[in-house]
>>> print(open('upload-v1.txt').read())   # compact mmCIF, N, CA and C atoms and all ligand atoms
# COMPACT_ATOMS: atom_id res chain seq x y z
N MET S 9 -4.85 5.36 -21.35
CA MET S 9 -5.43 4.01 -21.31
C MET S 9 -6.11 3.78 -19.96
N SER S 10 -7.25 3.15 -19.97
CA SER S 10 -7.96 2.85 -18.72
C SER S 10 -7.21 1.78 -17.94
N LYS S 11 -7.02 2.03 -16.66
CA LYS S 11 -6.27 1.08 -15.82
C LYS S 11 -7.14 0.59 -14.68
N ARG S 12 -6.90 -0.64 -14.29
CA ARG S 12 -7.53 -1.19 -13.07
C ARG S 12 -6.44 -1.22 -12.00
N VAL S 13 -6.63 -0.39 -10.97
CA VAL S 13 -5.60 -0.29 -9.93
C VAL S 13 -6.11 -0.94 -8.65
N LEU S 14 -5.36 -1.90 -8.15
CA LEU S 14 -5.68 -2.53 -6.88
C LEU S 14 -4.85 -1.85 -5.79
N ILE S 15 -5.53 -1.39 -4.72
CA ILE S 15 -4.83 -0.72 -3.61
C ILE S 15 -5.07 -1.55 -2.35
N LEU S 16 -3.99 -2.09 -1.80
CA LEU S 16 -4.10 -2.98 -0.63
C LEU S 16 -3.47 -2.33 0.60
N ASN S 17 -4.12 -2.55 1.72
CA ASN S 17 -3.68 -1.99 3.00
C ASN S 17 -3.62 -3.08 4.05
N GLY S 18 -2.54 -3.06 4.83
CA GLY S 18 -2.31 -4.09 5.82
C GLY S 18 -2.88 -3.76 7.20
N PRO S 19 -2.41 -4.50 8.20
CA PRO S 19 -3.00 -4.48 9.54
C PRO S 19 -2.97 -3.11 10.22
N ASN S 20 -4.04 -2.86 10.94
CA ASN S 20 -4.23 -1.65 11.77
C ASN S 20 -4.50 -0.38 10.97
N LEU S 21 -4.43 -0.46 9.66
CA LEU S 21 -4.70 0.75 8.87
C LEU S 21 -6.20 1.07 8.87
N ASN S 22 -7.03 0.09 9.27
CA ASN S 22 -8.46 0.38 9.46
C ASN S 22 -8.68 1.38 10.60
N LEU S 23 -7.67 1.55 11.44
CA LEU S 23 -7.81 2.47 12.59
C LEU S 23 -7.31 3.88 12.29
N LEU S 24 -6.90 4.11 11.05
CA LEU S 24 -6.37 5.44 10.72
C LEU S 24 -7.36 6.53 11.08
N GLY S 25 -6.82 7.65 11.52
CA GLY S 25 -7.68 8.75 11.97
C GLY S 25 -7.58 8.88 13.48
N THR S 26 -7.62 7.71 14.15
CA THR S 26 -7.50 7.72 15.62
C THR S 26 -6.23 7.03 16.07
N ARG S 27 -5.57 6.29 15.18
CA ARG S 27 -4.36 5.54 15.55
C ARG S 27 -3.15 6.46 15.45
N GLN S 28 -2.50 6.74 16.58
CA GLN S 28 -1.29 7.55 16.61
C GLN S 28 -1.33 8.66 15.54
N PRO S 29 -2.27 9.59 15.66
CA PRO S 29 -2.39 10.63 14.61
C PRO S 29 -1.13 11.47 14.44
N GLU S 30 -0.31 11.54 15.51
CA GLU S 30 0.94 12.31 15.40
C GLU S 30 1.92 11.60 14.46
N VAL S 31 1.72 10.30 14.24
CA VAL S 31 2.60 9.54 13.34
C VAL S 31 1.95 9.37 11.97
N TYR S 32 0.65 9.02 11.98
CA TYR S 32 -0.02 8.62 10.74
C TYR S 32 -0.98 9.66 10.18
N GLY S 33 -1.19 10.75 10.91
CA GLY S 33 -2.09 11.79 10.42
C GLY S 33 -3.53 11.53 10.83
N ARG S 34 -4.41 12.42 10.43
CA ARG S 34 -5.81 12.35 10.86
C ARG S 34 -6.76 11.84 9.77
N ASP S 35 -6.22 11.57 8.59
CA ASP S 35 -7.07 11.02 7.52
C ASP S 35 -7.52 9.61 7.90
N THR S 36 -8.78 9.31 7.63
CA THR S 36 -9.25 7.94 7.85
C THR S 36 -8.99 7.12 6.58
N LEU S 37 -9.02 5.79 6.74
CA LEU S 37 -8.79 4.94 5.56
C LEU S 37 -9.92 5.14 4.55
N ASP S 38 -11.12 5.35 5.07
CA ASP S 38 -12.26 5.59 4.17
C ASP S 38 -12.05 6.89 3.38
N GLY S 39 -11.53 7.91 4.06
CA GLY S 39 -11.24 9.18 3.38
C GLY S 39 -10.18 8.98 2.30
N ILE S 40 -9.16 8.19 2.60
CA ILE S 40 -8.10 7.93 1.61
C ILE S 40 -8.68 7.15 0.43
N ALA S 41 -9.55 6.18 0.74
CA ALA S 41 -10.18 5.39 -0.34
C ALA S 41 -10.98 6.30 -1.27
N LYS S 42 -11.73 7.23 -0.67
CA LYS S 42 -12.57 8.13 -1.49
C LYS S 42 -11.68 9.06 -2.33
N ALA S 43 -10.60 9.58 -1.73
CA ALA S 43 -9.69 10.46 -2.48
C ALA S 43 -9.04 9.70 -3.64
N CYS S 44 -8.68 8.43 -3.40
CA CYS S 44 -8.08 7.63 -4.48
C CYS S 44 -9.09 7.38 -5.60
N ALA S 45 -10.33 7.07 -5.21
CA ALA S 45 -11.36 6.79 -6.22
C ALA S 45 -11.62 8.03 -7.07
N ALA S 46 -11.66 9.21 -6.41
CA ALA S 46 -11.92 10.46 -7.14
C ALA S 46 -10.76 10.76 -8.09
N ASP S 47 -9.54 10.60 -7.60
CA ASP S 47 -8.36 10.86 -8.44
C ASP S 47 -8.32 9.89 -9.62
N ALA S 48 -8.59 8.62 -9.35
CA ALA S 48 -8.56 7.61 -10.41
C ALA S 48 -9.65 7.89 -11.45
N ALA S 49 -10.83 8.31 -10.97
CA ALA S 49 -11.94 8.59 -11.89
C ALA S 49 -11.56 9.69 -12.87
N LYS S 50 -10.84 10.71 -12.36
CA LYS S 50 -10.40 11.80 -13.25
C LYS S 50 -9.48 11.29 -14.35
N ARG S 51 -8.74 10.22 -14.03
CA ARG S 51 -7.82 9.65 -15.01
C ARG S 51 -8.52 8.60 -15.89
N GLY S 52 -9.78 8.30 -15.56
CA GLY S 52 -10.52 7.28 -16.30
C GLY S 52 -10.15 5.87 -15.86
N TRP S 53 -9.61 5.75 -14.64
CA TRP S 53 -9.21 4.44 -14.12
C TRP S 53 -10.20 3.97 -13.06
N SER S 54 -10.19 2.67 -12.79
CA SER S 54 -11.00 2.14 -11.70
C SER S 54 -10.07 1.70 -10.56
N VAL S 55 -10.59 1.81 -9.34
CA VAL S 55 -9.79 1.46 -8.17
C VAL S 55 -10.54 0.43 -7.34
N ASP S 56 -9.81 -0.58 -6.91
CA ASP S 56 -10.34 -1.57 -5.96
C ASP S 56 -9.50 -1.40 -4.69
N PHE S 57 -10.10 -0.86 -3.63
CA PHE S 57 -9.37 -0.45 -2.42
C PHE S 57 -9.73 -1.40 -1.29
N ARG S 58 -8.76 -2.07 -0.70
CA ARG S 58 -9.05 -3.08 0.33
C ARG S 58 -8.10 -2.99 1.51
N GLN S 59 -8.57 -3.47 2.64
CA GLN S 59 -7.73 -3.54 3.84
C GLN S 59 -7.97 -4.87 4.53
N SER S 60 -6.90 -5.46 5.09
CA SER S 60 -7.08 -6.63 5.93
C SER S 60 -6.03 -6.65 7.02
N ASN S 61 -6.43 -7.22 8.16
CA ASN S 61 -5.48 -7.44 9.26
C ASN S 61 -4.79 -8.80 9.11
N MET S 62 -5.18 -9.56 8.09
CA MET S 62 -4.68 -10.93 7.90
C MET S 62 -3.67 -11.00 6.76
N GLU S 63 -2.52 -11.55 7.04
CA GLU S 63 -1.48 -11.69 6.02
C GLU S 63 -1.97 -12.53 4.84
N GLY S 64 -2.70 -13.63 5.15
CA GLY S 64 -3.17 -14.53 4.10
C GLY S 64 -4.13 -13.85 3.12
N ASP S 65 -4.96 -12.93 3.65
CA ASP S 65 -5.88 -12.20 2.75
C ASP S 65 -5.06 -11.40 1.73
N LEU S 66 -4.01 -10.74 2.23
CA LEU S 66 -3.20 -9.90 1.34
C LEU S 66 -2.51 -10.76 0.29
N VAL S 67 -1.98 -11.92 0.71
CA VAL S 67 -1.32 -12.83 -0.23
C VAL S 67 -2.31 -13.28 -1.30
N THR S 68 -3.51 -13.66 -0.87
CA THR S 68 -4.53 -14.13 -1.83
C THR S 68 -4.91 -13.01 -2.79
N TRP S 69 -5.11 -11.80 -2.29
CA TRP S 69 -5.49 -10.69 -3.16
C TRP S 69 -4.38 -10.35 -4.16
N ILE S 70 -3.12 -10.45 -3.70
CA ILE S 70 -2.00 -10.20 -4.62
C ILE S 70 -2.00 -11.27 -5.72
N GLN S 71 -2.22 -12.52 -5.33
CA GLN S 71 -2.27 -13.59 -6.34
C GLN S 71 -3.40 -13.34 -7.35
N GLN S 72 -4.54 -12.87 -6.83
CA GLN S 72 -5.70 -12.64 -7.72
C GLN S 72 -5.49 -11.45 -8.64
N ALA S 73 -4.50 -10.61 -8.32
CA ALA S 73 -4.23 -9.44 -9.17
C ALA S 73 -3.71 -9.84 -10.54
N ARG S 74 -3.17 -11.07 -10.62
CA ARG S 74 -2.64 -11.54 -11.92
C ARG S 74 -3.79 -11.62 -12.91
N GLY S 75 -3.71 -10.79 -13.94
CA GLY S 75 -4.74 -10.81 -14.98
C GLY S 75 -5.96 -9.98 -14.67
N THR S 76 -6.09 -9.47 -13.44
CA THR S 76 -7.28 -8.67 -13.11
C THR S 76 -6.93 -7.22 -12.76
N ALA S 77 -5.65 -6.93 -12.52
CA ALA S 77 -5.24 -5.55 -12.19
C ALA S 77 -4.07 -5.16 -13.10
N ASP S 78 -4.03 -3.86 -13.42
CA ASP S 78 -2.94 -3.35 -14.27
C ASP S 78 -1.83 -2.74 -13.43
N ALA S 79 -2.11 -2.48 -12.15
CA ALA S 79 -1.09 -1.93 -11.26
C ALA S 79 -1.54 -2.18 -9.83
N LEU S 80 -0.55 -2.24 -8.94
CA LEU S 80 -0.84 -2.47 -7.52
C LEU S 80 -0.15 -1.40 -6.68
N ILE S 81 -0.93 -0.82 -5.77
CA ILE S 81 -0.38 0.08 -4.75
C ILE S 81 -0.59 -0.65 -3.43
N ILE S 82 0.47 -0.76 -2.63
CA ILE S 82 0.33 -1.51 -1.38
C ILE S 82 1.01 -0.80 -0.22
N ASN S 83 0.24 -0.66 0.87
CA ASN S 83 0.81 -0.28 2.16
C ASN S 83 0.69 -1.53 3.04
N PRO S 84 1.75 -2.31 3.13
CA PRO S 84 1.66 -3.58 3.86
C PRO S 84 1.69 -3.39 5.37
N ALA S 85 1.82 -2.14 5.83
CA ALA S 85 1.86 -1.83 7.27
C ALA S 85 2.93 -2.69 7.96
N ALA S 86 2.61 -3.28 9.11
CA ALA S 86 3.65 -4.02 9.86
C ALA S 86 4.21 -5.21 9.07
N PHE S 87 3.42 -5.77 8.13
CA PHE S 87 3.92 -6.90 7.34
C PHE S 87 5.08 -6.50 6.43
N THR S 88 5.23 -5.19 6.20
CA THR S 88 6.38 -4.68 5.44
C THR S 88 7.68 -5.27 5.98
N HIS S 89 7.73 -5.31 7.32
CA HIS S 89 8.99 -5.63 8.00
C HIS S 89 9.14 -7.10 8.35
N THR S 90 8.12 -7.89 8.03
CA THR S 90 8.14 -9.30 8.47
C THR S 90 7.82 -10.32 7.38
N SER S 91 7.16 -9.89 6.30
CA SER S 91 6.48 -10.90 5.47
C SER S 91 7.21 -11.32 4.20
N VAL S 92 7.84 -12.48 4.27
CA VAL S 92 8.41 -13.09 3.06
C VAL S 92 7.28 -13.60 2.17
N ALA S 93 6.14 -13.98 2.78
CA ALA S 93 5.00 -14.48 2.00
C ALA S 93 4.45 -13.39 1.07
N ILE S 94 4.35 -12.17 1.59
CA ILE S 94 3.87 -11.07 0.73
C ILE S 94 4.92 -10.75 -0.34
N LEU S 95 6.19 -10.74 0.03
CA LEU S 95 7.25 -10.53 -0.97
C LEU S 95 7.13 -11.58 -2.08
N ASP S 96 7.03 -12.85 -1.71
CA ASP S 96 6.98 -13.92 -2.71
C ASP S 96 5.77 -13.77 -3.64
N ALA S 97 4.63 -13.38 -3.07
CA ALA S 97 3.43 -13.17 -3.90
C ALA S 97 3.67 -12.02 -4.88
N LEU S 98 4.30 -10.96 -4.41
CA LEU S 98 4.54 -9.79 -5.27
C LEU S 98 5.53 -10.12 -6.39
N LEU S 99 6.50 -11.00 -6.08
CA LEU S 99 7.52 -11.33 -7.08
C LEU S 99 6.94 -12.04 -8.30
N VAL S 100 5.75 -12.61 -8.14
CA VAL S 100 5.11 -13.31 -9.26
C VAL S 100 4.42 -12.33 -10.22
N LEU S 101 4.11 -11.13 -9.71
CA LEU S 101 3.37 -10.15 -10.52
C LEU S 101 4.27 -9.54 -11.59
N ASP S 102 3.66 -9.23 -12.74
CA ASP S 102 4.44 -8.52 -13.75
C ASP S 102 3.77 -7.19 -14.10
N ILE S 103 3.23 -6.55 -13.06
CA ILE S 103 2.62 -5.22 -13.20
C ILE S 103 3.38 -4.27 -12.26
N PRO S 104 3.28 -2.94 -12.48
CA PRO S 104 3.95 -2.01 -11.56
C PRO S 104 3.40 -2.16 -10.14
N VAL S 105 4.31 -2.13 -9.18
CA VAL S 105 3.95 -2.23 -7.76
C VAL S 105 4.55 -1.02 -7.04
N ILE S 106 3.69 -0.21 -6.44
CA ILE S 106 4.19 0.95 -5.68
C ILE S 106 3.93 0.69 -4.20
N GLU S 107 4.99 0.74 -3.41
CA GLU S 107 4.90 0.56 -1.96
C GLU S 107 4.72 1.94 -1.33
N VAL S 108 3.70 2.07 -0.49
CA VAL S 108 3.41 3.36 0.15
C VAL S 108 3.43 3.21 1.67
N HIS S 109 4.03 4.16 2.34
CA HIS S 109 3.94 4.28 3.80
C HIS S 109 3.57 5.71 4.14
N LEU S 110 2.64 5.85 5.05
CA LEU S 110 2.25 7.19 5.49
C LEU S 110 3.41 7.88 6.21
N SER S 111 4.07 7.12 7.09
CA SER S 111 5.18 7.69 7.86
C SER S 111 6.49 7.41 7.13
N ASN S 112 7.51 8.16 7.54
CA ASN S 112 8.85 7.90 6.99
C ASN S 112 9.49 6.81 7.82
N ILE S 113 9.41 5.58 7.32
CA ILE S 113 9.86 4.42 8.10
C ILE S 113 11.35 4.50 8.42
N HIS S 114 12.10 5.25 7.64
CA HIS S 114 13.56 5.35 7.84
C HIS S 114 13.93 6.29 8.98
N LYS S 115 12.95 7.10 9.38
CA LYS S 115 13.17 8.05 10.47
C LYS S 115 12.73 7.47 11.80
N ARG S 116 12.19 6.28 11.77
CA ARG S 116 11.56 5.68 12.95
C ARG S 116 12.44 4.57 13.54
N GLU S 117 11.84 3.68 14.34
CA GLU S 117 12.63 2.64 15.00
C GLU S 117 13.40 1.82 13.96
N GLU S 118 14.53 1.30 14.40
CA GLU S 118 15.40 0.53 13.52
C GLU S 118 14.66 -0.64 12.82
N PHE S 119 13.75 -1.31 13.57
CA PHE S 119 13.09 -2.48 12.97
C PHE S 119 12.18 -2.11 11.81
N ARG S 120 11.86 -0.82 11.68
CA ARG S 120 11.02 -0.39 10.54
C ARG S 120 11.85 -0.02 9.31
N HIS S 121 13.18 0.00 9.47
CA HIS S 121 14.01 0.47 8.35
C HIS S 121 14.07 -0.54 7.21
N HIS S 122 13.91 -1.82 7.57
CA HIS S 122 13.98 -2.83 6.51
C HIS S 122 12.59 -3.19 5.99
N SER S 123 12.46 -3.19 4.67
CA SER S 123 11.22 -3.63 4.03
C SER S 123 11.50 -4.84 3.16
N PHE S 124 10.82 -5.95 3.46
CA PHE S 124 10.90 -7.12 2.57
C PHE S 124 10.26 -6.79 1.22
N VAL S 125 9.21 -5.96 1.28
CA VAL S 125 8.38 -5.67 0.10
C VAL S 125 9.14 -4.85 -0.95
N SER S 126 10.05 -4.00 -0.50
CA SER S 126 10.74 -3.09 -1.45
C SER S 126 11.47 -3.84 -2.55
N ARG S 127 11.92 -5.05 -2.25
CA ARG S 127 12.62 -5.87 -3.24
C ARG S 127 11.75 -6.15 -4.47
N ALA S 128 10.42 -6.11 -4.28
CA ALA S 128 9.49 -6.38 -5.38
C ALA S 128 8.81 -5.11 -5.88
N ALA S 129 9.19 -3.96 -5.31
CA ALA S 129 8.48 -2.71 -5.66
C ALA S 129 9.15 -1.98 -6.81
N THR S 130 8.31 -1.43 -7.67
CA THR S 130 8.81 -0.57 -8.74
C THR S 130 9.32 0.73 -8.12
N GLY S 131 8.57 1.23 -7.13
CA GLY S 131 8.95 2.46 -6.44
C GLY S 131 8.38 2.46 -5.04
N VAL S 132 8.95 3.32 -4.20
CA VAL S 132 8.54 3.40 -2.79
C VAL S 132 8.28 4.85 -2.43
N ILE S 133 7.15 5.11 -1.75
CA ILE S 133 6.82 6.46 -1.28
C ILE S 133 6.62 6.36 0.23
N ALA S 134 7.35 7.15 1.00
CA ALA S 134 7.23 7.08 2.46
C ALA S 134 7.32 8.47 3.06
N GLY S 135 6.50 8.72 4.07
CA GLY S 135 6.65 9.94 4.85
C GLY S 135 5.80 11.10 4.39
N LEU S 136 4.97 10.90 3.39
CA LEU S 136 4.19 12.02 2.84
C LEU S 136 2.71 11.92 3.21
N GLY S 137 2.40 11.07 4.19
CA GLY S 137 1.03 10.95 4.65
C GLY S 137 0.12 10.39 3.57
N ALA S 138 -1.17 10.73 3.70
CA ALA S 138 -2.17 10.20 2.77
C ALA S 138 -1.89 10.61 1.32
N LYS S 139 -1.20 11.73 1.17
CA LYS S 139 -0.85 12.21 -0.18
C LYS S 139 -0.02 11.16 -0.95
N GLY S 140 0.67 10.31 -0.20
CA GLY S 140 1.50 9.27 -0.83
C GLY S 140 0.69 8.37 -1.77
N TYR S 141 -0.56 8.09 -1.38
CA TYR S 141 -1.41 7.24 -2.23
C TYR S 141 -1.71 7.94 -3.56
N LEU S 142 -1.96 9.25 -3.47
CA LEU S 142 -2.28 10.00 -4.70
C LEU S 142 -1.03 10.15 -5.57
N LEU S 143 0.13 10.30 -4.91
CA LEU S 143 1.38 10.37 -5.67
C LEU S 143 1.66 9.03 -6.36
N ALA S 144 1.28 7.96 -5.69
CA ALA S 144 1.46 6.63 -6.30
C ALA S 144 0.59 6.51 -7.55
N LEU S 145 -0.66 6.98 -7.45
CA LEU S 145 -1.55 6.96 -8.64
C LEU S 145 -0.93 7.79 -9.77
N ALA S 146 -0.43 8.98 -9.42
CA ALA S 146 0.18 9.85 -10.45
C ALA S 146 1.38 9.15 -11.10
N ALA S 147 2.12 8.39 -10.29
CA ALA S 147 3.31 7.70 -10.81
C ALA S 147 2.94 6.63 -11.84
N LEU S 148 1.68 6.19 -11.81
CA LEU S 148 1.26 5.11 -12.72
C LEU S 148 0.83 5.64 -14.09
N GLU S 149 0.74 6.99 -14.19
CA GLU S 149 0.35 7.60 -15.48
C GLU S 149 1.42 7.26 -16.52
N ASP S 150 0.99 6.84 -17.70
CA ASP S 150 1.98 6.47 -18.75
C ASP S 150 2.67 7.70 -19.34
C1 LIG U 201 3.24 2.04 7.93
C2 LIG U 201 4.59 1.93 8.64
C3 LIG U 201 4.74 0.58 9.33
O1 LIG U 201 6.00 0.50 10.00
C4 LIG U 201 3.65 0.38 10.36
O2 LIG U 201 3.74 -0.90 10.93
C5 LIG U 201 2.29 0.66 9.82
C6 LIG U 201 2.08 1.73 8.86
C7 LIG U 201 2.99 3.47 7.38
O3 LIG U 201 2.10 3.61 6.57
O4 LIG U 201 3.67 4.41 7.78
O5 LIG U 201 1.31 0.05 10.28
O6 LIG U 201 3.22 1.14 6.84
>>> encode(input="upload-v1.txt", output="C-alpha cells", more="lines below")
Ligand code: DQA
Amino acid sequence: MSKRVLILNGPNLNLLGTRQPEVYGRDTLDGIAKACAADAAKRGWSVDFRQSNMEGDLVTWIQQARGTADALIINPAAFTHTSVAILDALLVLDIPVIEVHLSNIHKREEFRHHSFVSRAATGVIAGLGAKGYLLALAALED
C-alpha cells in the first residue's frame, strides 16, 4: 500500500556533517533526506522530510500529520529530553510513530537517557547513525 511518511528533525540537526561528527557521523541532513526519499520511492511511498530548530514548528507539523500522513518518523534531537509539548502532540496521533536517534542516547550523558517522546513511540531506534532512518522506513512495511 502506498504510504505518506512524514519525517521530522529537531534542533541542530541542520548542522549534521560538521556537528560533532565523532558522535553523529559525517552524513548531512540533506544526504539523509535523499537516502530516505530513494528508499521510500522503491517502496512506492512518498516522504515529506523537514527540520526545524523551533519546538512550535514541530508541534504544528505533528498536529498537521492527522489525516495527511500514514506514519511519522521523528528525531526530536534535544527536545527528546525536554518537550512535554511534543509528547502531547504525538499522543493525539493514531498512526505509527518511530523515534530515531543517530547516537545511542543511553550510552551518553545521564540527561539524555530519558525521552519524553518514547511514551508516544511505537518503536525507538538509537545508535545506528543515519541508517536508523532507513531502518525506521523498513519497520513501517506492512
Ligand atoms: C540526538 C540525540 C540528542 O540527545 C541530541 O540532543 C541531538 C541528536 C541523536 O540523533 O542522536 O541533537 O537526537
>>> closest_atom_pairs(input="upload-v1.txt", of="stretch 96-145 of chain S", to="stretch 30-44 of chain S", cutoff="7 Å", atoms="all atoms listed in the file", output="tab-separated table")
residue	atom	partner	partner_atom	distance
S:Leu110	C	S:Tyr32	CA	5.7
S:Ser111	CA	S:Val31	C	5.5
S:Gly137	CA	S:Tyr32	C	6.0
S:Ala138	CA	S:Ile40	CA	6.5
S:Tyr141	C	S:Cys44	CA	6.4
S:Leu142	CA	S:Cys44	CA	6.3
>>> residues_around(input="upload-v1.txt", residues="S:Ala129", least_positions_apart="2", cutoff="6 Å", atoms="all atoms listed in the file", output="list of chain:residue names")
S:Val105, S:Ile106, S:Glu107, S:Val125, S:Ser126, S:Arg127, S:Gly131, S:Val132
>>> write_last_selection(input="upload-v1.txt", atoms="N, CA and C atoms", output="compact mmCIF listing (two decimals), in the coordinates of the input")
# COMPACT_ATOMS: atom_id res chain seq x y z
N VAL S 105 4.31 -2.13 -9.18
CA VAL S 105 3.95 -2.23 -7.76
C VAL S 105 4.55 -1.02 -7.04
N ILE S 106 3.69 -0.21 -6.44
CA ILE S 106 4.19 0.95 -5.68
C ILE S 106 3.93 0.69 -4.20
N GLU S 107 4.99 0.74 -3.41
CA GLU S 107 4.90 0.56 -1.96
C GLU S 107 4.72 1.94 -1.33
N VAL S 125 9.21 -5.96 1.28
CA VAL S 125 8.38 -5.67 0.10
C VAL S 125 9.14 -4.85 -0.95
N SER S 126 10.05 -4.00 -0.50
CA SER S 126 10.74 -3.09 -1.45
C SER S 126 11.47 -3.84 -2.55
N ARG S 127 11.92 -5.05 -2.25
CA ARG S 127 12.62 -5.87 -3.24
C ARG S 127 11.75 -6.15 -4.47
N GLY S 131 8.57 1.23 -7.13
CA GLY S 131 8.95 2.46 -6.44
C GLY S 131 8.38 2.46 -5.04
N VAL S 132 8.95 3.32 -4.20
CA VAL S 132 8.54 3.40 -2.79
C VAL S 132 8.28 4.85 -2.43
>>> closest_residue(input="upload-v1.txt", among="S:Glu117, S:Asp65, S:Asp96, S:Asp150", to="ligand LIG 201 (chain U)", atoms="all atoms listed in the file")
S:Glu117
>>> closest_residue(input="upload-v1.txt", among="S:Leu24, S:Val13, S:Asn83, S:Gln72", to="S:Ser54", atoms="all atoms listed in the file")
S:Val13
>>> atom_distance(input="upload-v1.txt", atom1="atom CA of S:Lys115", atom2="atom CA of S:Ile15")
24.5 Å
>>> residues_around(input="upload-v1.txt", residues="S:Arg58", least_positions_apart="3", cutoff="7 Å", atoms="all atoms listed in the file", output="list in words")
Leu14, Ile15, Leu16, Asn17 and Gly18 of chain S
>>> write_last_selection(input="upload-v1.txt", atoms="N, CA and C atoms", output="PDB file, keeping the file's coordinate frame")
ATOM      1  N   LEU S  14      -5.360  -1.900  -8.150  1.00  0.00           N
ATOM      2  CA  LEU S  14      -5.680  -2.530  -6.880  1.00  0.00           C
ATOM      3  C   LEU S  14      -4.850  -1.850  -5.790  1.00  0.00           C
ATOM      4  N   ILE S  15      -5.530  -1.390  -4.720  1.00  0.00           N
ATOM      5  CA  ILE S  15      -4.830  -0.720  -3.610  1.00  0.00           C
ATOM      6  C   ILE S  15      -5.070  -1.550  -2.350  1.00  0.00           C
ATOM      7  N   LEU S  16      -3.990  -2.090  -1.800  1.00  0.00           N
ATOM      8  CA  LEU S  16      -4.100  -2.980  -0.630  1.00  0.00           C
ATOM      9  C   LEU S  16      -3.470  -2.330   0.600  1.00  0.00           C
ATOM     10  N   ASN S  17      -4.120  -2.550   1.720  1.00  0.00           N
ATOM     11  CA  ASN S  17      -3.680  -1.990   3.000  1.00  0.00           C
ATOM     12  C   ASN S  17      -3.620  -3.080   4.050  1.00  0.00           C
ATOM     13  N   GLY S  18      -2.540  -3.060   4.830  1.00  0.00           N
ATOM     14  CA  GLY S  18      -2.310  -4.090   5.820  1.00  0.00           C
ATOM     15  C   GLY S  18      -2.880  -3.760   7.200  1.00  0.00           C
TER      16      GLY S  18
END
>>> axis_aligned_box(input="upload-v1.txt", around="stretch 91-101 of chain S", padding_each_side="8 Å", output="JSON")
{"center_x": 5.9, "center_y": -12.0, "center_z": -2.6, "size_x": 21.0, "size_y": 20.9, "size_z": 33.9}
>>> residues_near_ligand(input="upload-v1.txt", ligand="ligand LIG 201 (chain U)", cutoff="8 Å", atoms="all atoms listed in the file", output="list in words")
Gly18, Pro19, Asn20, Leu21, Val31, Tyr32, Ile82, Asn83, Pro84, Ala85, Ala86, Phe87, Thr88, His89, Val108, His109, Leu110, Ser111, Asn112, Ile113, Glu117, Phe119, Arg120, His121, Ala134, Gly135, Leu136 and Gly137 of chain S
>>> write_last_selection(input="upload-v1.txt", atoms="N, CA and C atoms", output="short mmCIF file (atom, residue, chain, number, x, y, z; two decimals), in the coordinates of the input")
data_model
loop_
_atom_site.label_atom_id
_atom_site.label_comp_id
_atom_site.auth_asym_id
_atom_site.auth_seq_id
_atom_site.Cartn_x
_atom_site.Cartn_y
_atom_site.Cartn_z
N GLY S 18 -2.54 -3.06 4.83
CA GLY S 18 -2.31 -4.09 5.82
C GLY S 18 -2.88 -3.76 7.20
N PRO S 19 -2.41 -4.50 8.20
CA PRO S 19 -3.00 -4.48 9.54
C PRO S 19 -2.97 -3.11 10.22
N ASN S 20 -4.04 -2.86 10.94
CA ASN S 20 -4.23 -1.65 11.77
C ASN S 20 -4.50 -0.38 10.97
N LEU S 21 -4.43 -0.46 9.66
CA LEU S 21 -4.70 0.75 8.87
C LEU S 21 -6.20 1.07 8.87
N VAL S 31 1.72 10.30 14.24
CA VAL S 31 2.60 9.54 13.34
C VAL S 31 1.95 9.37 11.97
N TYR S 32 0.65 9.02 11.98
CA TYR S 32 -0.02 8.62 10.74
C TYR S 32 -0.98 9.66 10.18
N ILE S 82 0.47 -0.76 -2.63
CA ILE S 82 0.33 -1.51 -1.38
C ILE S 82 1.01 -0.80 -0.22
N ASN S 83 0.24 -0.66 0.87
CA ASN S 83 0.81 -0.28 2.16
C ASN S 83 0.69 -1.53 3.04
N PRO S 84 1.75 -2.31 3.13
CA PRO S 84 1.66 -3.58 3.86
C PRO S 84 1.69 -3.39 5.37
N ALA S 85 1.82 -2.14 5.83
CA ALA S 85 1.86 -1.83 7.27
C ALA S 85 2.93 -2.69 7.96
N ALA S 86 2.61 -3.28 9.11
CA ALA S 86 3.65 -4.02 9.86
C ALA S 86 4.21 -5.21 9.07
N PHE S 87 3.42 -5.77 8.13
CA PHE S 87 3.92 -6.90 7.34
C PHE S 87 5.08 -6.50 6.43
N THR S 88 5.23 -5.19 6.20
CA THR S 88 6.38 -4.68 5.44
C THR S 88 7.68 -5.27 5.98
N HIS S 89 7.73 -5.31 7.32
CA HIS S 89 8.99 -5.63 8.00
C HIS S 89 9.14 -7.10 8.35
N VAL S 108 3.70 2.07 -0.49
CA VAL S 108 3.41 3.36 0.15
C VAL S 108 3.43 3.21 1.67
N HIS S 109 4.03 4.16 2.34
CA HIS S 109 3.94 4.28 3.80
C HIS S 109 3.57 5.71 4.14
N LEU S 110 2.64 5.85 5.05
CA LEU S 110 2.25 7.19 5.49
C LEU S 110 3.41 7.88 6.21
N SER S 111 4.07 7.12 7.09
CA SER S 111 5.18 7.69 7.86
C SER S 111 6.49 7.41 7.13
N ASN S 112 7.51 8.16 7.54
CA ASN S 112 8.85 7.90 6.99
C ASN S 112 9.49 6.81 7.82
N ILE S 113 9.41 5.58 7.32
CA ILE S 113 9.86 4.42 8.10
C ILE S 113 11.35 4.50 8.42
N GLU S 117 11.84 3.68 14.34
CA GLU S 117 12.63 2.64 15.00
C GLU S 117 13.40 1.82 13.96
N PHE S 119 13.75 -1.31 13.57
CA PHE S 119 13.09 -2.48 12.97
C PHE S 119 12.18 -2.11 11.81
N ARG S 120 11.86 -0.82 11.68
CA ARG S 120 11.02 -0.39 10.54
C ARG S 120 11.85 -0.02 9.31
N HIS S 121 13.18 0.00 9.47
CA HIS S 121 14.01 0.47 8.35
C HIS S 121 14.07 -0.54 7.21
N ALA S 134 7.35 7.15 1.00
CA ALA S 134 7.23 7.08 2.46
C ALA S 134 7.32 8.47 3.06
N GLY S 135 6.50 8.72 4.07
CA GLY S 135 6.65 9.94 4.85
C GLY S 135 5.80 11.10 4.39
N LEU S 136 4.97 10.90 3.39
CA LEU S 136 4.19 12.02 2.84
C LEU S 136 2.71 11.92 3.21
N GLY S 137 2.40 11.07 4.19
CA GLY S 137 1.03 10.95 4.65
C GLY S 137 0.12 10.39 3.57
#
>>> closest_residue(input="upload-v1.txt", among="S:Ile70, S:Met9, S:Leu23, S:Ile81", to="S:Pro104", atoms="only N, CA and C atoms")
S:Ile81
